[in-house]
Every structure is written in structure tokens, then in C-alpha cells.
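Text of structure14.cif (mmCIF, C-alpha atoms) as supplied:
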data_work
#
loop_
_atom_site.group_PDB
_atom_site.id
_atom_site.type_symbol
_atom_site.label_atom_id
_atom_site.label_comp_id
_atom_site.auth_asym_id
_atom_site.auth_seq_id
_atom_site.Cartn_x
_atom_site.Cartn_y
_atom_site.Cartn_z
ATOM 1 C CA MET A 1 16.217 2.797 3.838
ATOM 2 C CA GLN A 2 15.552 4.431 0.507
ATOM 3 C CA ILE A 3 12.100 5.361 -0.809
ATOM 4 C CA ILE A 4 10.844 6.332 -4.259
ATOM 5 C CA ARG A 5 7.264 7.529 -4.759
ATOM 6 C CA MET A 6 5.742 6.958 -8.194
ATOM 7 C CA PRO A 7 2.150 8.049 -8.965
ATOM 8 C CA LEU A 8 1.083 5.392 -11.473
ATOM 9 C CA GLY A 9 -1.903 4.457 -13.606
ATOM 10 C CA ILE A 10 -4.877 6.503 -14.706
ATOM 11 C CA TYR A 11 -5.818 7.151 -11.073
ATOM 12 C CA GLN A 12 -2.260 8.174 -10.127
ATOM 13 C CA ALA A 13 -2.130 5.869 -7.130
ATOM 14 C CA ASN A 14 1.131 6.220 -5.262
ATOM 15 C CA CYS A 15 3.427 3.246 -5.738
ATOM 16 C CA TYR A 16 6.432 3.090 -3.433
ATOM 17 C CA ILE A 17 9.706 1.313 -4.017
ATOM 18 C CA VAL A 18 11.425 0.775 -0.680
ATOM 19 C CA TRP A 19 14.855 -0.774 -0.351
ATOM 20 C CA ASP A 20 17.704 -1.584 1.964
ATOM 21 C CA ASP A 21 20.711 0.307 0.603
ATOM 22 C CA LYS A 22 23.159 -2.284 1.940
ATOM 23 C CA THR A 23 21.743 -5.173 -0.095
ATOM 24 C CA ASN A 24 19.521 -3.441 -2.694
ATOM 25 C CA PHE A 25 16.761 -5.876 -1.718
ATOM 26 C CA SER A 26 13.466 -4.085 -2.217
ATOM 27 C CA VAL A 27 9.719 -4.193 -1.777
ATOM 28 C CA VAL A 28 7.225 -2.594 -4.127
ATOM 29 C CA ILE A 29 4.076 -1.290 -2.458
ATOM 30 C CA ASP A 30 0.920 -0.969 -4.623
ATOM 31 C CA PRO A 31 2.047 -1.225 -8.277
ATOM 32 C CA GLY A 32 -0.912 0.687 -9.694
ATOM 33 C CA GLY A 33 0.051 0.776 -13.384
ATOM 34 C CA ASP A 34 2.628 2.035 -15.911
ATOM 35 C CA PHE A 35 4.787 -1.051 -15.603
ATOM 36 C CA GLU A 36 7.527 0.191 -17.954
ATOM 37 C CA SER A 37 8.139 3.249 -15.750
ATOM 38 C CA LEU A 38 8.215 1.031 -12.692
ATOM 39 C CA LYS A 39 10.632 -1.395 -14.325
ATOM 40 C CA TYR A 40 12.906 1.462 -15.356
ATOM 41 C CA ALA A 41 13.143 2.718 -11.765
ATOM 42 C CA ILE A 42 13.922 -0.783 -10.500
ATOM 43 C CA GLN A 43 16.640 -1.322 -13.097
ATOM 44 C CA LYS A 44 18.101 2.167 -12.740
ATOM 45 C CA ASN A 45 18.697 1.594 -9.027
ATOM 46 C CA GLY A 46 19.920 -1.990 -9.444
ATOM 47 C CA LEU A 47 17.221 -3.400 -7.184
ATOM 48 C CA VAL A 48 16.165 -6.960 -6.480
ATOM 49 C CA VAL A 49 12.433 -7.027 -5.753
ATOM 50 C CA LYS A 50 11.734 -9.567 -3.016
ATOM 51 C CA TYR A 51 8.119 -8.732 -2.209
ATOM 52 C CA ILE A 52 5.136 -6.910 -3.646
ATOM 53 C CA ILE A 53 2.949 -5.730 -0.772
ATOM 54 C CA LEU A 54 -0.595 -4.562 -1.425
ATOM 55 C CA THR A 55 -2.189 -2.190 1.062
ATOM 56 C CA HIS A 56 -5.524 -3.416 -0.331
ATOM 57 C CA ALA A 57 -6.836 -5.058 -3.486
ATOM 58 C CA HIS A 58 -8.644 -2.264 -5.344
ATOM 59 C CA ALA A 59 -7.942 -1.997 -9.071
ATOM 60 C CA ASP A 60 -6.145 1.364 -8.976
ATOM 61 C CA HIS A 61 -3.444 -0.157 -6.740
ATOM 62 C CA ILE A 62 -2.862 -3.398 -8.665
ATOM 63 C CA GLY A 63 -2.777 -2.352 -12.331
ATOM 64 C CA ALA A 64 0.817 -3.485 -12.934
ATOM 65 C CA LEU A 65 0.755 -6.390 -10.496
ATOM 66 C CA ASP A 66 0.697 -9.136 -13.114
ATOM 67 C CA GLU A 67 3.581 -7.668 -15.125
ATOM 68 C CA LEU A 68 5.677 -6.938 -12.041
ATOM 69 C CA LYS A 69 5.120 -10.460 -10.730
ATOM 70 C CA GLU A 70 6.183 -11.981 -14.055
ATOM 71 C CA TYR A 71 9.213 -9.704 -14.344
ATOM 72 C CA SER A 72 10.535 -9.979 -10.787
ATOM 73 C CA GLY A 73 9.264 -13.307 -9.467
ATOM 74 C CA ALA A 74 8.628 -11.500 -6.179
ATOM 75 C CA LYS A 75 6.100 -12.836 -3.704
ATOM 76 C CA ILE A 76 2.746 -11.047 -3.569
ATOM 77 C CA LEU A 77 1.641 -10.302 -0.001
ATOM 78 C CA ILE A 78 -1.838 -9.122 1.005
ATOM 79 C CA HIS A 79 -3.894 -9.141 4.176
ATOM 80 C CA GLN A 80 -5.942 -12.290 4.570
ATOM 81 C CA ASP A 81 -9.222 -10.318 4.503
ATOM 82 C CA ASP A 82 -8.509 -8.998 0.976
ATOM 83 C CA PHE A 83 -7.105 -12.287 -0.356
ATOM 84 C CA GLU A 84 -10.320 -13.286 -2.135
ATOM 85 C CA MET A 85 -10.861 -9.770 -3.478
ATOM 86 C CA LEU A 86 -7.586 -9.915 -5.395
ATOM 87 C CA LYS A 87 -8.747 -13.054 -7.195
ATOM 88 C CA ASN A 88 -12.114 -11.637 -8.282
ATOM 89 C CA LYS A 89 -12.427 -8.906 -10.917
ATOM 90 C CA ARG A 90 -15.829 -7.813 -9.635
ATOM 91 C CA LYS A 91 -14.657 -7.545 -6.039
ATOM 92 C CA ASN A 92 -11.431 -5.687 -6.910
ATOM 93 C CA HIS A 93 -13.264 -3.568 -9.505
ATOM 94 C CA SER A 94 -10.784 -4.241 -12.304
ATOM 95 C CA ASP A 95 -13.758 -5.153 -14.495
ATOM 96 C CA ARG A 96 -14.725 -1.461 -14.540
ATOM 97 C CA MET A 97 -11.660 0.481 -13.373
ATOM 98 C CA GLY A 98 -8.422 0.741 -15.310
ATOM 99 C CA ASP A 99 -7.723 -0.855 -18.652
ATOM 100 C CA LYS A 100 -7.397 -4.574 -17.892
ATOM 101 C CA ILE A 101 -8.698 -7.377 -15.744
ATOM 102 C CA ILE A 102 -6.591 -8.390 -12.748
ATOM 103 C CA GLU A 103 -7.326 -11.700 -11.047
ATOM 104 C CA LEU A 104 -4.348 -13.095 -9.166
ATOM 105 C CA GLU A 105 -3.729 -15.212 -6.106
ATOM 106 C CA ALA A 106 -1.321 -13.784 -3.564
ATOM 107 C CA ASP A 107 1.604 -15.916 -2.424
ATOM 108 C CA GLU A 108 1.163 -15.145 1.262
ATOM 109 C CA LYS A 109 -1.599 -13.858 3.540
ATOM 110 C CA LEU A 110 -0.701 -11.156 6.030
ATOM 111 C CA LYS A 111 -2.203 -10.448 9.437
ATOM 112 C CA ASP A 112 -1.871 -7.698 12.017
ATOM 113 C CA ASN A 113 1.624 -7.312 13.518
ATOM 114 C CA ASP A 114 3.332 -9.499 10.912
ATOM 115 C CA LYS A 115 6.873 -8.433 10.050
ATOM 116 C CA VAL A 116 8.460 -8.506 6.606
ATOM 117 C CA LEU A 117 12.257 -8.295 6.342
ATOM 118 C CA ILE A 118 14.044 -6.532 3.502
ATOM 119 C CA GLY A 119 17.762 -6.907 4.114
ATOM 120 C CA ASP A 120 18.293 -5.311 7.527
ATOM 121 C CA LYS A 121 15.014 -3.413 7.401
ATOM 122 C CA GLU A 122 11.841 -4.561 9.134
ATOM 123 C CA LEU A 123 8.397 -3.676 7.823
ATOM 124 C CA LEU A 124 5.570 -3.927 10.364
ATOM 125 C CA ILE A 125 2.091 -4.756 9.071
ATOM 126 C CA ILE A 126 -0.728 -2.813 10.745
ATOM 127 C CA HIS A 127 -4.261 -3.988 9.956
ATOM 128 C CA THR A 128 -6.441 -0.903 9.442
ATOM 129 C CA PRO A 129 -9.880 -1.993 8.170
ATOM 130 C CA GLY A 130 -12.318 0.625 6.935
ATOM 131 C CA HIS A 131 -11.459 1.362 3.318
ATOM 132 C CA SER A 132 -11.626 -2.376 2.761
ATOM 133 C CA LYS A 133 -11.776 -5.240 5.232
ATOM 134 C CA GLY A 134 -8.148 -6.122 4.588
ATOM 135 C CA SER A 135 -6.625 -2.653 4.343
ATOM 136 C CA ILE A 136 -3.202 -2.388 5.929
ATOM 137 C CA CYS A 137 -0.601 0.223 6.710
ATOM 138 C CA ILE A 138 3.104 -0.578 6.670
ATOM 139 C CA LYS A 139 5.569 0.945 9.142
ATOM 140 C CA SER A 140 9.332 0.924 8.794
ATOM 141 C CA GLY A 141 11.326 3.138 11.085
ATOM 142 C CA ASN A 142 9.929 6.664 10.812
ATOM 143 C CA ALA A 143 7.995 5.917 7.611
ATOM 144 C CA LEU A 144 4.339 4.884 7.486
ATOM 145 C CA PHE A 145 2.732 3.777 4.217
ATOM 146 C CA THR A 146 -1.008 4.230 4.687
ATOM 147 C CA GLY A 147 -2.561 3.109 1.405
ATOM 148 C CA ASP A 148 -6.105 4.489 1.178
ATOM 149 C CA THR A 149 -6.628 4.628 4.935
ATOM 150 C CA LEU A 150 -5.151 8.055 5.719
ATOM 151 C CA PHE A 151 -4.393 10.923 3.330
ATOM 152 C CA ALA A 152 -3.059 14.440 3.823
ATOM 153 C CA GLY A 153 -6.146 16.230 5.102
ATOM 154 C CA SER A 154 -8.533 13.383 4.417
ATOM 155 C CA ILE A 155 -9.313 9.670 4.753
ATOM 156 C CA GLY A 156 -10.133 6.863 2.332
ATOM 157 C CA ARG A 157 -13.605 6.352 0.903
ATOM 158 C CA THR A 158 -15.796 3.853 2.704
ATOM 159 C CA ASP A 159 -18.646 3.298 0.238
ATOM 160 C CA LEU A 160 -17.196 0.254 -1.548
ATOM 161 C CA ASP A 161 -17.719 -3.383 -0.537
ATOM 162 C CA GLY A 162 -16.135 -4.009 2.845
ATOM 163 C CA GLY A 163 -15.873 -0.305 3.635
ATOM 164 C CA SER A 164 -16.976 1.214 6.925
ATOM 165 C CA PHE A 165 -16.678 4.807 8.111
ATOM 166 C CA GLU A 166 -16.781 3.708 11.744
ATOM 167 C CA GLU A 167 -14.036 1.139 11.161
ATOM 168 C CA ILE A 168 -11.697 3.501 9.303
ATOM 169 C CA ILE A 169 -11.970 6.178 11.990
ATOM 170 C CA LYS A 170 -11.368 3.549 14.664
ATOM 171 C CA SER A 171 -8.334 2.227 12.779
ATOM 172 C CA ILE A 172 -6.815 5.681 12.355
ATOM 173 C CA LYS A 173 -7.426 6.840 15.913
ATOM 174 C CA ASN A 174 -6.396 3.601 17.635
ATOM 175 C CA LYS A 175 -3.467 2.540 15.463
ATOM 176 C CA LEU A 176 -2.078 5.511 13.508
ATOM 177 C CA ILE A 177 -2.608 8.767 15.377
ATOM 178 C CA VAL A 178 -1.014 7.188 18.460
ATOM 179 C CA LEU A 179 2.313 6.926 16.617
ATOM 180 C CA PRO A 180 5.022 9.576 17.170
ATOM 181 C CA GLY A 181 4.101 12.929 15.635
ATOM 182 C CA GLU A 182 7.218 13.045 13.473
ATOM 183 C CA THR A 183 6.240 9.823 11.695
ATOM 184 C CA LYS A 184 6.194 10.532 7.951
ATOM 185 C CA VAL A 185 2.979 9.445 6.261
ATOM 186 C CA TYR A 186 3.191 8.160 2.683
ATOM 187 C CA PRO A 187 -0.414 7.795 1.465
ATOM 188 C CA GLY A 188 -1.920 5.915 -1.457
ATOM 189 C CA HIS A 189 -2.844 9.148 -3.233
ATOM 190 C CA GLY A 190 -1.562 12.702 -2.991
ATOM 191 C CA PRO A 191 1.300 14.289 -1.050
ATOM 192 C CA SER A 192 3.082 13.069 2.044
ATOM 193 C CA THR A 193 2.280 14.407 5.486
ATOM 194 C CA THR A 194 3.057 13.633 9.135
ATOM 195 C CA ILE A 195 1.104 12.119 11.980
ATOM 196 C CA ALA A 196 1.335 15.400 13.925
ATOM 197 C CA THR A 197 -0.073 17.387 11.010
ATOM 198 C CA GLU A 198 -3.026 15.032 10.591
ATOM 199 C CA LYS A 199 -3.699 14.844 14.313
ATOM 200 C CA GLU A 200 -3.909 18.630 14.471
ATOM 201 C CA ASN A 201 -5.550 19.496 11.159
ATOM 202 C CA ASN A 202 -7.320 16.559 9.524
ATOM 203 C CA PRO A 203 -11.045 17.503 9.621
ATOM 204 C CA PHE A 204 -12.060 13.866 10.076
ATOM 205 C CA LEU A 205 -9.946 13.520 13.204
ATOM 206 C CA VAL A 206 -9.983 16.816 15.086
#
Please render this file's structure as C-alpha cells.
Amino acid sequence: MQIIRMPLGIYQANCYIVWDDKTNFSVVIDPGGDFESLKYAIQKNGLVVKYIILTHAHADHIGALDELKEYSGAKILIHQDDFEMLKNKRKNHSDRMGDKIIELEADEKLKDNDKVLIGDKELLIIHTPGHSKGSICIKSGNALFTGDTLFAGSIGRTDLDGGSFEEIIKSIKNKLIVLPGETKVYPGHGPSTTIATEKENNPFLV
């Protein structure tokens, strides 16, 4: 499995392009903006985008969603609890964040423990409410894409609609920190880390 991290948009949300190097089938996680840069990376690597997976529906993670959908024809996947948020500019905050309104309907609703196949690679959906009701993490092999649930040395904000400090801590402790320590964490903002590092040093968890 190959991974490219691209901080995109005015909020520099991490977008990840993940692909199976046998087939070049790929998934784009959280296309936050700067579509032309994203398209260039897709074309440069000869990728076929099969799915666009959103870790949640906040505006800083969906800024290039409409353009990527039109360009690739890929299916948009989002957890069922954020499905309505994606369709509503006030709920996803695109009416006041970023530079354009995003109101789209996802092609498929995800739920906890769903699996998405990209070539020979399996992506496991882990429902981790707290940042939003439908926040998810995505695990493939030793890689864990955590969206705005878990960051290096921090956690996602919980003061927006659907957020809950109690829920996000519960999600992290019950579903993420229990994973092997060598699991590589690819968050929605900032640098990568590992489960072991966060378990030992994250001030919200120790």
C-alpha cells in the first residue's frame, strides 16, 4: 500500500491518497481543498480513484469534494451519522469556513466495522464519535487514518454540533489506544505519530 499526505486548503487539513500498487486503484481520504494539486498527484501516479472517504463532514475536510467527484466519478462514502451534515452548509460549516459552499449527498453510508476494498487492500471503518457524531477512523494494515479524532499530542475539538469530550475520549481509549503500539497514526492535521507515542505522551490520555 502506498500513501501520500497532502495538507490542503486554507486550514491545511491532511488529505491522504492511498492506493494498491498492484492495481493503482486508490481512495482519497478528506479532500480538503486545492483540487488542482490533488489532481496532479493522482495523474502523476497513474491512479484510478474508486472511493472518496470522509472521516467527517466539516468544511475544512471537504473543500475539493465536488471537483474530485466530478473529475473521478468515485463514490463518496461517509458514516451514516454525518450523512445529513454533508448535505447542509450550516451543519458542515461551509457557509462560513473556506471559500465555497459544499452541499453534497454521499453515495454510501458507512457504519462501524464496515470494510472497503481497494484492489487487494482492505480498509476497516472504525466509528469514533466525539469530534462529530459520525467521525470515523480508517485502518489498513499498520496504518490508521484518524481524521480529527486523534492528533500528535492532542485530540480533536468537541465544541461544534455533535461534539462531545466524553465521547471522543471514550472512542480513543476503547478503539484506538488498544491497537498495537507500532500502528502509524495519520491524523487530519499536523504530523504523523504512533499509537505507542500517544499512549505514553498525549496529555489527554495519560
| task | Rank nothing, just name the residue among A:Gly98, A:Gly73, A:Pro203, A:Pro187 nearest to A:Ile52, using all atoms listed in the file. | result | A:Gly73
| Which neighbours of stretch 139-156 of chain A fall inside 8 Å, counting all atoms listed in the file, when residues of the same chain fewer than 3 positions from it are skipped, and could you give them as a PyMOL selection string? | chain A and resi 55-56+121-126+128+130-131+135-136+168+172+182-193+198+201-204
| query | Expanded to explicit residues, what is the PyMOL selection byres ((chain A and resi 120) around 12) for this file, as a PyMOL selection string? | reply | chain A and resi 1+19-26+116-119+121-123+140-141
| query | How many Å lie between atom CA of A:Lys89 and atom CA of A:Ala59, rounded to one decimal? | reply | 8.4 Å
| said: Let me make sure I understand: among A:Arg90, A:Ile78, A:Ser132, A:Asp161, which one has the smallest atom-to-atom distance to A:Lys111 if we use only C-alpha atoms? | reply: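 Closest to A:Lys111, using only C-alpha atoms: A:Ile78.
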Axis-aligned box for all listed atoms of stretch 27-34 of chain A, 3 Å per side, centre and edges in Å to one decimal, as lines of an AutoDock Vina configuration file:
center_x = 4.4
center_y = -1.1
center_z = -8.8
size_x = 16.6
size_y = 12.2
size_z = 20.1
| Å distance separating atom CA of A:Asp112 from atom CA of A:Ala64, one decimal place | 25.4 Å
Each residue of stretch 59-91 of chain A lying at most 9 Å from stretch 45-51 of chain A should get a row with its shortest atom-to-atom pair and the distance in Å to one decimal, counting only C-alpha atoms; could you produce that, ordered by chain and increasing number, as JSON lines?
{"residue": "A:Ser72", "atom": "CA", "partner": "A:Val49", "partner_atom": "CA", "distance": 6.1}
{"residue": "A:Gly73", "atom": "CA", "partner": "A:Lys50", "partner_atom": "CA", "distance": 7.9}
{"residue": "A:Ala74", "atom": "CA", "partner": "A:Lys50", "partner_atom": "CA", "distance": 4.8}
{"residue": "A:Lys75", "atom": "CA", "partner": "A:Tyr51", "partner_atom": "CA", "distance": 4.8}
{"residue": "A:Ile76", "atom": "CA", "partner": "A:Tyr51", "partner_atom": "CA", "distance": 6.0}
{"residue": "A:Leu77", "atom": "CA", "partner": "A:Tyr51", "partner_atom": "CA", "distance": 7.0}
| query | Closest to A:Arg157 among A:Ile102, A:Ile4, A:Asp82, A:His58, using all atoms listed in the file? | reply |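 The closest residue to A:Arg157 is A:His58.
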| message | For a test of reading the model, state the distance in Å between atom CA of A:Ile3 and atom CA of A:Ile17, rounded to one decimal. | response |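 These atoms are spaced 5.7 Å apart.
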